[in-house]
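Student: Before I ask anything, let me first share the structure, which is written out below as structure tokens.
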Amino acid sequence: MATRPRFDLAGRAAGLLGQRLLKLPPATSRNVTVERDLRIPTHDGQTLLANHWAPADLPGAPTAVVRTPYGRSGPLDWLYGRALAERGMHVLTVSCRGTFGSDGDFRAMRHEREDGLSTLKWLAEQPWANDVVLTGSSYLGYTQWAIAAEAPVRVKAMVPHVTSARLALAFLRPERVEMETLLGWSVSTATQERPGNVWRTLLGFGRKRVKAAMGTLPLVDADTAALGHVWPFYQDCVHHDQNDPFWKNEDHSPSVGDVTVPVSSIAGWYDIFLADQLRDFQVLREAGRDAHLTVGPWWHAHTGGMAAVLGDTVGWAAAHARGTEPPRKPPVRLFVMGVDEWRDFDQWPPAGYTPRRWHLAPGGELGSAPGPAAPTSFTYDPADPTPSLGGPKLESRGAGPVDNRRLEARADVLVFTSAVLDADVEVIGEVTAEVWLRSDRPSCDLFVRLCDVDGRGKSVNICDDLVKVRPDGITKVTVELSPTAHVFRRGHRIRVQVSAGAFPRFARNMGDGGPQRTSAEPLATRVEIFHDAEHPSAVLLPQR
């Protein structure tokens, strides 16, 4: 039975404040109802719980479907439930299997295709349901991709935000563990239904224990250190990389090109899923699909991205569902950092940008050519690992662009800096580094970061990445940094950092060459970076 939402002064105030901070389109009506704990049968006899928000007296309103493992109350209720309903949409928020009252056990990504299709089948039988849009961020975006290729005709649009069609597989490259994201999310989902968890999270309770657990050796035991018991998803991830057939049914990237539903992908330059999201978009465009891309100066939990996904849901996606002309959207809309302006393009990567080599040179210089010089060396010690600072992170705390001077002062971080620029340098597209190195251990990591140094010497990170290396003498290593759109202004300098770690964002390389999940003895590693004519280490920046 539908009821008016219970009067909750704190929740109502928080919801209104959140909507104002996100600068959402004006509400069409505050007259909404909610029906809680609806029961949705699945294909295998389980039951999922859902809430249905509805705008009163608005026949023909489209339906937004949001499938989430994070519950159906609190911020999700205010934003995806009430906010969308107040802007003329039915909203069905469904708790994923094994979470917040839904039957079964929660195994991340495992049942989302079948349960999503069961949800749409049930929805088609509801008298209030009209044409459908899929929407949501992160895991809520993955649940869209899980069913997108098989979506019935009533699904008219989807708005995936900071997500990937293969989700966790994006950070499960062979022999590389993104520890901060993996353990942090594992602990979050393992504890989210404990009483008072929202307040404990907001106040930072348990953060020190999780941070300490990230240093556990061997790292296969980190979940037990953080939780007191193993967590199945964490164990799945440390035992099976993205290429393992174990994940075959959870990887929906092979079916992206089969999706015929119009898609508006919303990403952030500092998001953990950025590279994957751009590839998903490219696959859609290459298949001739109606796909649009927006990339803002956001990290994973940035409110700007949330505002964009909600705005597109009630505007562009809802228009598709109503059968009206949607607002015009360019194929690609990018926020260009450095000049802080939005620009429209026809494709990703944009045409007209050519890679230019900026060579690592002796004396910490970054220039147009390598120089004749001995290699530059440093020592990486996993017992005192090079710390991660800013950049892509799952949580907002410490994410995004930050001052890197403290990091660059360390002896285990090399910096190569250009001369002061006499004109703006515009960089838009894929950024790559080619680095020649030698190590005294059978295994090492290579972390490369691109920074913008202003006239006062403040060095701000633009993009980066880390790869695992098994050196064989002097070895050429290619690092695909996160894509970007940035203008290095006249009077600034371009800087490249080179190091052998970024902990706890990435798990430490112990240097022994063994499996990372079981390595337990930290061995210091000597790394030499070559930058002569025969070994021309460089970063390749896409420029006009």
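We name chains A, B, ... following the order of the structure tokens; residues begin at 1 in each chain, and ligands are numbered from 1 as shown.
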Tell me which protein, DNA and RNA residues are within 8 Å of His52 (chain A), counting only C-alpha atoms, leaving out same-chain ones fewer than 2 positions away, and put them as a list of chain:residue names.
Tutor: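 Contacts, with the query itself left out: A:Val34, A:Glu35, A:Arg36, A:Leu38, A:Ala50, A:Ala54, A:Gly81, A:His90, A:Val91, A:Leu92, A:Thr93.
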Student: Residues at most 9 Å from Leu278 (chain A), counting only C-alpha atoms, excluding those fewer than 3 positions away in the same chain, as a list in words?
Tutor: Ser265, Ala267, Phe273, Leu274, Ala275, Phe281, Gln282, Val283, Leu293, Trp348, Pro349 and Pro483 of chain A
Student: Would you mind exporting C-alpha atoms of the selected residues as a JSON list (two decimals), in the first residue's frame?
Tutor:
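Final output, out_0.json:
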[["chain", "number", "residue", "atom", "x", "y", "z"],
["A", 265, "SER", "CA", 27.95, 7.80, -19.54],
["A", 267, "ALA", "CA", 32.76, 9.89, -15.68],
["A", 273, "PHE", "CA", 36.87, 3.40, -13.35],
["A", 274, "LEU", "CA", 37.76, 6.15, -15.85],
["A", 275, "ALA", "CA", 39.77, 4.09, -18.36],
["A", 281, "PHE", "CA", 31.86, 4.34, -24.56],
["A", 282, "GLN", "CA", 34.21, 3.72, -27.48],
["A", 283, "VAL", "CA", 32.77, 0.23, -28.00],
["A", 293, "LEU", "CA", 30.03, 10.81, -22.75],
["A", 348, "TRP", "CA", 36.90, 10.07, -27.81],
["A", 349, "PRO", "CA", 39.79, 10.50, -28.04],
["A", 483, "PRO", "CA", 43.44, 9.76, -19.85]]
Student: Find the residues around Leu58 (chain A) up to 12 Å (only C-alpha atoms counted), leave out those fewer than 2 positions away in its own chain, and share them as a PDB file with all heavy atoms, in the first residue's frame.
Tutor:
ATOM      1  N   THR A  28       8.964  19.354  -9.517  1.00  0.00           N
ATOM      2  CA  THR A  28       7.661  19.676 -10.121  1.00  0.00           C
ATOM      3  C   THR A  28       6.545  19.564  -9.096  1.00  0.00           C
ATOM      4  O   THR A  28       5.497  20.192  -9.236  1.00  0.00           O
ATOM      5  CB  THR A  28       7.378  18.726 -11.299  1.00  0.00           C
ATOM      6  OG1 THR A  28       7.458  17.368 -10.840  1.00  0.00           O
ATOM      7  CG2 THR A  28       8.398  18.928 -12.407  1.00  0.00           C
ATOM      8  N   SER A  29       6.774  18.760  -8.055  1.00  0.00           N
ATOM      9  CA  SER A  29       5.794  18.622  -6.979  1.00  0.00           C
ATOM     10  C   SER A  29       6.451  17.940  -5.790  1.00  0.00           C
ATOM     11  O   SER A  29       7.288  17.041  -5.972  1.00  0.00           O
ATOM     12  CB  SER A  29       4.592  17.789  -7.438  1.00  0.00           C
ATOM     13  OG  SER A  29       3.724  17.535  -6.337  1.00  0.00           O
ATOM     14  N   ASN A  31       4.478  16.466  -3.707  1.00  0.00           N
ATOM     15  CA  ASN A  31       3.410  15.539  -3.373  1.00  0.00           C
ATOM     16  C   ASN A  31       3.762  14.157  -3.925  1.00  0.00           C
ATOM     17  O   ASN A  31       3.446  13.813  -5.065  1.00  0.00           O
ATOM     18  CB  ASN A  31       2.089  16.031  -3.956  1.00  0.00           C
ATOM     19  CG  ASN A  31       0.915  15.181  -3.519  1.00  0.00           C
ATOM     20  OD1 ASN A  31       1.009  14.426  -2.557  1.00  0.00           O
ATOM     21  ND2 ASN A  31      -0.197  15.295  -4.235  1.00  0.00           N
ATOM     22  N   VAL A  32       4.465  13.355  -3.099  1.00  0.00           N
ATOM     23  CA  VAL A  32       4.899  12.034  -3.524  1.00  0.00           C
ATOM     24  C   VAL A  32       4.490  10.999  -2.474  1.00  0.00           C
ATOM     25  O   VAL A  32       4.237  11.329  -1.311  1.00  0.00           O
ATOM     26  CB  VAL A  32       6.429  11.981  -3.733  1.00  0.00           C
ATOM     27  CG1 VAL A  32       6.855  12.943  -4.839  1.00  0.00           C
ATOM     28  CG2 VAL A  32       7.169  12.295  -2.441  1.00  0.00           C
ATOM     29  N   THR A  33       4.416   9.749  -2.888  1.00  0.00           N
ATOM     30  CA  THR A  33       4.124   8.649  -1.976  1.00  0.00           C
ATOM     31  C   THR A  33       5.232   7.609  -2.072  1.00  0.00           C
ATOM     32  O   THR A  33       6.012   7.584  -3.037  1.00  0.00           O
ATOM     33  CB  THR A  33       2.781   7.977  -2.308  1.00  0.00           C
ATOM     34  OG1 THR A  33       2.846   7.447  -3.629  1.00  0.00           O
ATOM     35  CG2 THR A  33       1.635   8.973  -2.212  1.00  0.00           C
ATOM     36  N   ALA A  54       6.549   7.371  -5.859  1.00  0.00           N
ATOM     37  CA  ALA A  54       5.668   7.752  -6.972  1.00  0.00           C
ATOM     38  C   ALA A  54       5.242   9.206  -6.848  1.00  0.00           C
ATOM     39  O   ALA A  54       4.928   9.688  -5.756  1.00  0.00           O
ATOM     40  CB  ALA A  54       4.430   6.863  -6.980  1.00  0.00           C
ATOM     41  N   PRO A  55       5.237   9.926  -7.985  1.00  0.00           N
ATOM     42  CA  PRO A  55       4.656  11.276  -7.984  1.00  0.00           C
ATOM     43  C   PRO A  55       3.130  11.152  -7.999  1.00  0.00           C
ATOM     44  O   PRO A  55       2.570  10.356  -8.773  1.00  0.00           O
ATOM     45  CB  PRO A  55       5.180  11.878  -9.286  1.00  0.00           C
ATOM     46  CG  PRO A  55       5.381  10.695 -10.185  1.00  0.00           C
ATOM     47  CD  PRO A  55       5.746   9.536  -9.306  1.00  0.00           C
ATOM     48  N   ALA A  56       2.469  11.877  -7.139  1.00  0.00           N
ATOM     49  CA  ALA A  56       1.005  11.792  -7.072  1.00  0.00           C
ATOM     50  C   ALA A  56       0.376  12.461  -8.293  1.00  0.00           C
ATOM     51  O   ALA A  56       0.858  13.487  -8.787  1.00  0.00           O
ATOM     52  CB  ALA A  56       0.498  12.453  -5.787  1.00  0.00           C
ATOM     53  N   GLY A  60       1.321   8.323 -16.555  1.00  0.00           N
ATOM     54  CA  GLY A  60       2.290   8.237 -17.642  1.00  0.00           C
ATOM     55  C   GLY A  60       3.706   8.579 -17.258  1.00  0.00           C
ATOM     56  O   GLY A  60       4.579   8.632 -18.133  1.00  0.00           O
ATOM     57  N   ALA A  61       3.968   8.805 -15.977  1.00  0.00           N
ATOM     58  CA  ALA A  61       5.332   9.146 -15.555  1.00  0.00           C
ATOM     59  C   ALA A  61       6.266   7.972 -15.807  1.00  0.00           C
ATOM     60  O   ALA A  61       5.916   6.818 -15.549  1.00  0.00           O
ATOM     61  CB  ALA A  61       5.335   9.522 -14.075  1.00  0.00           C
ATOM     62  N   PRO A  62       7.462   8.221 -16.315  1.00  0.00           N
ATOM     63  CA  PRO A  62       8.412   7.129 -16.549  1.00  0.00           C
ATOM     64  C   PRO A  62       8.919   6.558 -15.230  1.00  0.00           C
ATOM     65  O   PRO A  62       8.796   7.178 -14.176  1.00  0.00           O
ATOM     66  CB  PRO A  62       9.532   7.803 -17.340  1.00  0.00           C
ATOM     67  CG  PRO A  62       9.469   9.244 -16.940  1.00  0.00           C
ATOM     68  CD  PRO A  62       8.007   9.535 -16.702  1.00  0.00           C
ATOM     69  N   THR A  63       9.533   5.391 -15.315  1.00  0.00           N
ATOM     70  CA  THR A  63      10.011   4.688 -14.133  1.00  0.00           C
ATOM     71  C   THR A  63      11.531   4.572 -14.165  1.00  0.00           C
ATOM     72  O   THR A  63      12.096   4.062 -15.140  1.00  0.00           O
ATOM     73  CB  THR A  63       9.406   3.277 -14.052  1.00  0.00           C
ATOM     74  OG1 THR A  63       7.978   3.376 -14.052  1.00  0.00           O
ATOM     75  CG2 THR A  63       9.863   2.561 -12.790  1.00  0.00           C
ATOM     76  N   ALA A  85      11.346  11.270  -7.674  1.00  0.00           N
ATOM     77  CA  ALA A  85       9.880  11.278  -7.630  1.00  0.00           C
ATOM     78  C   ALA A  85       9.340  12.697  -7.640  1.00  0.00           C
ATOM     79  O   ALA A  85       8.325  12.994  -8.294  1.00  0.00           O
ATOM     80  CB  ALA A  85       9.383  10.531  -6.400  1.00  0.00           C
ATOM     81  N   GLU A  86      10.003  13.596  -6.927  1.00  0.00           N
ATOM     82  CA  GLU A  86       9.564  14.991  -6.906  1.00  0.00           C
ATOM     83  C   GLU A  86       9.798  15.692  -8.241  1.00  0.00           C
ATOM     84  O   GLU A  86       9.315  16.802  -8.453  1.00  0.00           O
ATOM     85  CB  GLU A  86      10.289  15.744  -5.790  1.00  0.00           C
ATOM     86  CG  GLU A  86       9.842  15.301  -4.395  1.00  0.00           C
ATOM     87  CD  GLU A  86      10.567  16.024  -3.278  1.00  0.00           C
ATOM     88  OE1 GLU A  86      11.614  16.662  -3.549  1.00  0.00           O
ATOM     89  OE2 GLU A  86      10.095  15.957  -2.126  1.00  0.00           O
ATOM     90  N   ARG A  87      10.504  15.038  -9.134  1.00  0.00           N
ATOM     91  CA  ARG A  87      10.749  15.593 -10.464  1.00  0.00           C
ATOM     92  C   ARG A  87      10.066  14.766 -11.547  1.00  0.00           C
ATOM     93  O   ARG A  87      10.499  14.741 -12.696  1.00  0.00           O
ATOM     94  CB  ARG A  87      12.250  15.727 -10.686  1.00  0.00           C
ATOM     95  CG  ARG A  87      12.834  16.892  -9.874  1.00  0.00           C
ATOM     96  CD  ARG A  87      14.301  16.760  -9.566  1.00  0.00           C
ATOM     97  NE  ARG A  87      14.713  17.915  -8.761  1.00  0.00           N
ATOM     98  CZ  ARG A  87      14.508  18.007  -7.435  1.00  0.00           C
ATOM     99  NH1 ARG A  87      13.909  17.031  -6.766  1.00  0.00           N
ATOM    100  NH2 ARG A  87      14.904  19.094  -6.779  1.00  0.00           N
ATOM    101  N   GLY A  88       8.974  14.105 -11.137  1.00  0.00           N
ATOM    102  CA  GLY A  88       8.070  13.509 -12.111  1.00  0.00           C
ATOM    103  C   GLY A  88       8.361  12.099 -12.549  1.00  0.00           C
ATOM    104  O   GLY A  88       7.981  11.710 -13.664  1.00  0.00           O
ATOM    105  N   MET A  89       9.019  11.271 -11.688  1.00  0.00           N
ATOM    106  CA  MET A  89       9.333   9.910 -12.073  1.00  0.00           C
ATOM    107  C   MET A  89       8.892   8.929 -10.991  1.00  0.00           C
ATOM    108  O   MET A  89       9.024   9.203  -9.795  1.00  0.00           O
ATOM    109  CB  MET A  89      10.838   9.732 -12.324  1.00  0.00           C
ATOM    110  CG  MET A  89      11.426  10.669 -13.372  1.00  0.00           C
ATOM    111  SD  MET A  89      13.165  10.306 -13.741  1.00  0.00           S
ATOM    112  CE  MET A  89      12.991   8.817 -14.724  1.00  0.00           C
ATOM    113  N   HIS A  90       8.366   7.776 -11.411  1.00  0.00           N
ATOM    114  CA  HIS A  90       8.303   6.640 -10.508  1.00  0.00           C
ATOM    115  C   HIS A  90       9.737   6.168 -10.272  1.00  0.00           C
ATOM    116  O   HIS A  90      10.580   6.229 -11.182  1.00  0.00           O
ATOM    117  CB  HIS A  90       7.502   5.489 -11.118  1.00  0.00           C
ATOM    118  CG  HIS A  90       6.030   5.736 -11.199  1.00  0.00           C
ATOM    119  ND1 HIS A  90       5.183   5.501 -10.144  1.00  0.00           N
ATOM    120  CD2 HIS A  90       5.264   6.206 -12.214  1.00  0.00           C
ATOM    121  CE1 HIS A  90       3.945   5.800 -10.507  1.00  0.00           C
ATOM    122  NE2 HIS A  90       3.961   6.246 -11.763  1.00  0.00           N
ATOM    123  N   TRP A 128       1.233   0.540 -12.467  1.00  0.00           N
ATOM    124  CA  TRP A 128       1.741   1.916 -12.432  1.00  0.00           C
ATOM    125  C   TRP A 128       2.989   2.105 -13.289  1.00  0.00           C
ATOM    126  O   TRP A 128       3.427   3.237 -13.530  1.00  0.00           O
ATOM    127  CB  TRP A 128       2.069   2.331 -10.996  1.00  0.00           C
ATOM    128  CG  TRP A 128       2.879   1.310 -10.231  1.00  0.00           C
ATOM    129  CD1 TRP A 128       2.411   0.343  -9.401  1.00  0.00           C
ATOM    130  CD2 TRP A 128       4.311   1.166 -10.240  1.00  0.00           C
ATOM    131  NE1 TRP A 128       3.445  -0.408  -8.882  1.00  0.00           N
ATOM    132  CE2 TRP A 128       4.625   0.078  -9.384  1.00  0.00           C
ATOM    133  CE3 TRP A 128       5.352   1.829 -10.880  1.00  0.00           C
ATOM    134  CZ2 TRP A 128       5.933  -0.345  -9.144  1.00  0.00           C
ATOM    135  CZ3 TRP A 128       6.656   1.408 -10.658  1.00  0.00           C
ATOM    136  CH2 TRP A 128       6.931   0.332  -9.793  1.00  0.00           C
ATOM    137  N   ALA A 129       3.617   1.005 -13.718  1.00  0.00           N
ATOM    138  CA  ALA A 129       4.901   1.099 -14.395  1.00  0.00           C
ATOM    139  C   ALA A 129       4.727   1.485 -15.859  1.00  0.00           C
ATOM    140  O   ALA A 129       3.891   0.934 -16.572  1.00  0.00           O
ATOM    141  CB  ALA A 129       5.643  -0.222 -14.288  1.00  0.00           C
ATOM    142  N   ASN A 130       5.526   2.432 -16.293  1.00  0.00           N
ATOM    143  CA  ASN A 130       5.548   2.863 -17.685  1.00  0.00           C
ATOM    144  C   ASN A 130       6.930   2.573 -18.258  1.00  0.00           C
ATOM    145  O   ASN A 130       7.642   1.718 -17.744  1.00  0.00           O
ATOM    146  CB  ASN A 130       5.169   4.338 -17.774  1.00  0.00           C
ATOM    147  CG  ASN A 130       3.764   4.584 -17.251  1.00  0.00           C
ATOM    148  OD1 ASN A 130       2.791   4.099 -17.815  1.00  0.00           O
ATOM    149  ND2 ASN A 130       3.639   5.328 -16.147  1.00  0.00           N
TER     150      ASN A 130
END
Student: What lies within 9 Å of Leu466 (chain A) using only C-alpha atoms, ignoring chain neighbours under 5 positions off, as a ChimeraX atom specification?
Tutor: /A:176,445-449,479-481,500-502,506
Student: Looking at A:Arg517, A:Arg505, A:Arg490, A:Arg289, which one is nearest to Ala157 (chain A), with distances taken over only C-alpha atoms?
Tutor: A:Arg289
Student: Could you check which of A:Ala374, A:Ala170, A:Val256, A:Cys96 is closest to Gln46 (chain A), using only C-alpha atoms?
Tutor: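 Once distances to Gln46 (chain A) are computed over only C-alpha atoms, the minimum belongs to A:Cys96.
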Student: Between A:Cys451, A:Val133, A:Val435, A:Ala373, which has the minimum distance to Asp532 (chain A) (counting only C-alpha atoms)?
Tutor: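 The answer is A:Ala373, which sits nearest to Asp532 (chain A).
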Student: Give the answer as one residue: which of A:Leu284, A:Val420, A:Val477, A:Ala520 has the shortest atom-to-atom distance to Gly457 (chain A), using only C-alpha atoms?
Tutor: A:Val420
Student: Considering only C-alpha atoms, return as an NGL selection string whatever protein or nucleic-acid residues lie within 8 Å of Asp454 (chain A), sequence-local ones (same chain, fewer than 2 positions apart) excluded.
Tutor: :A and (452 or 456-459 or 491-493)
Student: Please identify the alpha helix (DSSP H) residues within region 167-218 of chain A (assignment by DSSP from backbone atoms) and present them as a list in words.
Tutor: Met179, Glu180, Thr181, Leu182, Leu183, Gly184, Trp185, Ser186, Val187, Ser188, Thr189, Ala190, Thr191, Asn197, Val198, Trp199, Arg200, Thr201, Leu202, Leu203, Arg207, Lys208, Arg209, Val210, Lys211, Ala212 and Ala213 of chain A
Student: Which residues are close to Asp412 (chain A), i.e. within 7 Å by only C-alpha atoms, leaving aside same-chain residues fewer than 6 positions away? Reply as a ChimeraX atom specification.
Tutor: /A:378-380,386,499
Student: Go ahead and dump the residues you just picked, C-alpha atoms, as an mmCIF file, in the first residue's frame.
Tutor:
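As a result, selection.cif now contains:
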data_model
loop_
_atom_site.group_PDB
_atom_site.id
_atom_site.type_symbol
_atom_site.label_atom_id
_atom_site.label_comp_id
_atom_site.auth_asym_id
_atom_site.auth_seq_id
_atom_site.Cartn_x
_atom_site.Cartn_y
_atom_site.Cartn_z
ATOM 1 C CA PHE A 378 66.761 5.080 -6.320
ATOM 2 C CA THR A 379 65.923 2.436 -3.735
ATOM 3 C CA TYR A 380 62.388 1.264 -3.005
ATOM 4 C CA THR A 386 56.453 5.206 -1.181
ATOM 5 C CA SER A 499 58.789 5.755 -8.395
#
Student: Residues at most 9 Å from Thr143 (chain A), counting only C-alpha atoms, excluding those fewer than 3 positions away in the same chain, as a JSON list (two decimals) with N, CA and C atoms, in the first residue's frame?
Tutor:
[["chain", "number", "residue", "atom", "x", "y", "z"],
["A", 66, "VAL", "N", 16.63, 1.53, -9.95],
["A", 66, "VAL", "CA", 17.93, 1.64, -9.28],
["A", 66, "VAL", "C", 18.14, 0.36, -8.47],
["A", 67, "ARG", "N", 19.14, -0.41, -8.83],
["A", 67, "ARG", "CA", 19.42, -1.64, -8.08],
["A", 67, "ARG", "C", 20.74, -1.46, -7.33],
["A", 68, "THR", "N", 20.69, -1.67, -6.00],
["A", 68, "THR", "CA", 21.79, -1.28, -5.14],
["A", 68, "THR", "C", 22.07, -2.29, -4.04],
["A", 109, "MET", "N", 28.60, -8.91, -7.68],
["A", 109, "MET", "CA", 28.52, -9.05, -9.13],
["A", 109, "MET", "C", 27.91, -10.38, -9.59],
["A", 112, "GLU", "N", 23.72, -10.36, -10.64],
["A", 112, "GLU", "CA", 23.09, -9.12, -11.09],
["A", 112, "GLU", "C", 22.37, -9.25, -12.43],
["A", 113, "ARG", "N", 22.85, -10.09, -13.31],
["A", 113, "ARG", "CA", 22.15, -10.26, -14.59],
["A", 113, "ARG", "C", 20.79, -10.92, -14.37],
["A", 116, "GLY", "N", 18.44, -8.82, -12.18],
["A", 116, "GLY", "CA", 17.99, -7.62, -12.88],
["A", 116, "GLY", "C", 16.89, -7.93, -13.88],
["A", 134, "LEU", "N", 17.27, 3.18, -16.67],
["A", 134, "LEU", "CA", 18.19, 2.62, -15.68],
["A", 134, "LEU", "C", 19.16, 3.71, -15.28],
["A", 136, "GLY", "N", 22.19, 5.17, -12.04],
["A", 136, "GLY", "CA", 22.92, 4.93, -10.81],
["A", 136, "GLY", "C", 24.43, 5.00, -10.98],
["A", 138, "SER", "N", 28.50, 3.84, -9.80],
["A", 138, "SER", "CA", 29.40, 2.81, -9.30],
["A", 138, "SER", "C", 28.76, 1.42, -9.42],
["A", 139, "TYR", "N", 28.55, 0.71, -8.31],
["A", 139, "TYR", "CA", 27.91, -0.61, -8.38],
["A", 139, "TYR", "C", 26.52, -0.49, -9.00],
["A", 140, "LEU", "N", 25.82, 0.62, -8.73],
["A", 140, "LEU", "CA", 24.49, 0.84, -9.30],
["A", 140, "LEU", "C", 24.56, 1.01, -10.81],
["A", 146, "ALA", "N", 24.79, -5.07, -16.43],
["A", 146, "ALA", "CA", 24.54, -6.50, -16.31],
["A", 146, "ALA", "C", 23.33, -6.95, -17.13],
["A", 147, "ILE", "N", 22.37, -6.03, -17.37],
["A", 147, "ILE", "CA", 21.15, -6.39, -18.08],
["A", 147, "ILE", "C", 20.95, -5.62, -19.38],
["A", 148, "ALA", "N", 21.84, -4.68, -19.66],
["A", 148, "ALA", "CA", 21.61, -3.74, -20.76],
["A", 148, "ALA", "C", 21.47, -4.42, -22.11],
["A", 165, "ALA", "N", 31.50, -1.90, -17.09],
["A", 165, "ALA", "CA", 30.73, -3.10, -17.41],
["A", 165, "ALA", "C", 31.35, -4.35, -16.80]]
Student: Assign secondary structure with DSSP using the backbone only, and return the residues of region 55-229 of chain A in strand (DSSP E or B) as number ranges by chain.
Tutor: A: 55, 63-68, 90-95, 132-137, 155-161
Student: For the selection you just gave me, I'd like the residues written to a file as a compact mmCIF listing (two decimals), in the first residue's frame, keeping N, CA and C atoms.
Tutor:
# COMPACT_ATOMS: atom_id res chain seq x y z
N PRO A 55 5.24 9.93 -7.99
CA PRO A 55 4.66 11.28 -7.98
C PRO A 55 3.13 11.15 -8.00
N THR A 63 9.53 5.39 -15.31
CA THR A 63 10.01 4.69 -14.13
C THR A 63 11.53 4.57 -14.16
N ALA A 64 12.19 5.05 -13.10
CA ALA A 64 13.63 4.87 -12.94
C ALA A 64 13.87 3.64 -12.07
N VAL A 65 14.72 2.74 -12.54
CA VAL A 65 15.07 1.54 -11.78
C VAL A 65 16.50 1.69 -11.26
N VAL A 66 16.63 1.53 -9.95
CA VAL A 66 17.93 1.64 -9.28
C VAL A 66 18.14 0.36 -8.47
N ARG A 67 19.14 -0.41 -8.83
CA ARG A 67 19.42 -1.64 -8.08
C ARG A 67 20.74 -1.46 -7.33
N THR A 68 20.69 -1.67 -6.00
CA THR A 68 21.79 -1.28 -5.14
C THR A 68 22.07 -2.29 -4.04
N HIS A 90 8.37 7.78 -11.41
CA HIS A 90 8.30 6.64 -10.51
C HIS A 90 9.74 6.17 -10.27
N VAL A 91 10.02 5.68 -9.08
CA VAL A 91 11.37 5.18 -8.78
C VAL A 91 11.24 3.85 -8.06
N LEU A 92 11.89 2.84 -8.60
CA LEU A 92 11.95 1.53 -7.95
C LEU A 92 13.38 1.30 -7.50
N THR A 93 13.61 1.32 -6.17
CA THR A 93 14.93 1.03 -5.63
C THR A 93 14.92 -0.39 -5.08
N VAL A 94 15.80 -1.23 -5.59
CA VAL A 94 15.80 -2.66 -5.29
C VAL A 94 17.10 -3.03 -4.58
N SER A 95 16.98 -3.71 -3.44
CA SER A 95 18.17 -4.19 -2.74
C SER A 95 18.69 -5.45 -3.39
N VAL A 132 10.87 2.67 -19.01
CA VAL A 132 11.87 2.56 -17.95
C VAL A 132 13.18 3.21 -18.36
N VAL A 133 13.85 3.80 -17.35
CA VAL A 133 15.25 4.21 -17.49
C VAL A 133 16.03 3.54 -16.37
N LEU A 134 17.27 3.18 -16.67
CA LEU A 134 18.19 2.62 -15.68
C LEU A 134 19.16 3.71 -15.28
N THR A 135 19.44 3.83 -13.99
CA THR A 135 20.33 4.89 -13.55
C THR A 135 21.07 4.49 -12.30
N GLY A 136 22.19 5.17 -12.04
CA GLY A 136 22.92 4.93 -10.81
C GLY A 136 24.43 5.00 -10.98
N SER A 137 25.11 5.07 -9.84
CA SER A 137 26.55 5.28 -9.80
C SER A 137 27.28 4.04 -9.31
N VAL A 155 12.72 -0.54 -21.76
CA VAL A 155 13.88 0.21 -21.26
C VAL A 155 14.33 1.15 -22.36
N LYS A 156 14.22 2.45 -22.09
CA LYS A 156 14.43 3.45 -23.13
C LYS A 156 15.76 4.19 -23.03
N ALA A 157 16.43 4.15 -21.88
CA ALA A 157 17.70 4.87 -21.73
C ALA A 157 18.39 4.39 -20.47
N MET A 158 19.70 4.62 -20.41
CA MET A 158 20.46 4.31 -19.19
C MET A 158 21.52 5.36 -18.95
N VAL A 159 21.79 5.61 -17.64
CA VAL A 159 22.75 6.65 -17.24
C VAL A 159 23.73 6.05 -16.23
N PRO A 160 24.76 5.36 -16.72
CA PRO A 160 25.78 4.82 -15.81
C PRO A 160 26.80 5.89 -15.44
N HIS A 161 27.12 5.96 -14.15
CA HIS A 161 28.01 7.01 -13.63
C HIS A 161 29.15 6.36 -12.86
Student: With only C-alpha atoms as the basis for distance, which of A:Pro515, A:Gly323, A:Pro522, A:Pro362 is at the shortest distance from Asp241 (chain A)?
Tutor: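 Checking each of A:Pro515, A:Gly323, A:Pro522, A:Pro362 against Asp241 (chain A), counting only C-alpha atoms, the winner is A:Pro515.
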Student: Rank nothing, just name the residue among A:Gly296, A:Pro69, A:Pro504, A:Pro372 nearest to Tyr142 (chain A), using only C-alpha atoms.
Tutor: A:Pro69
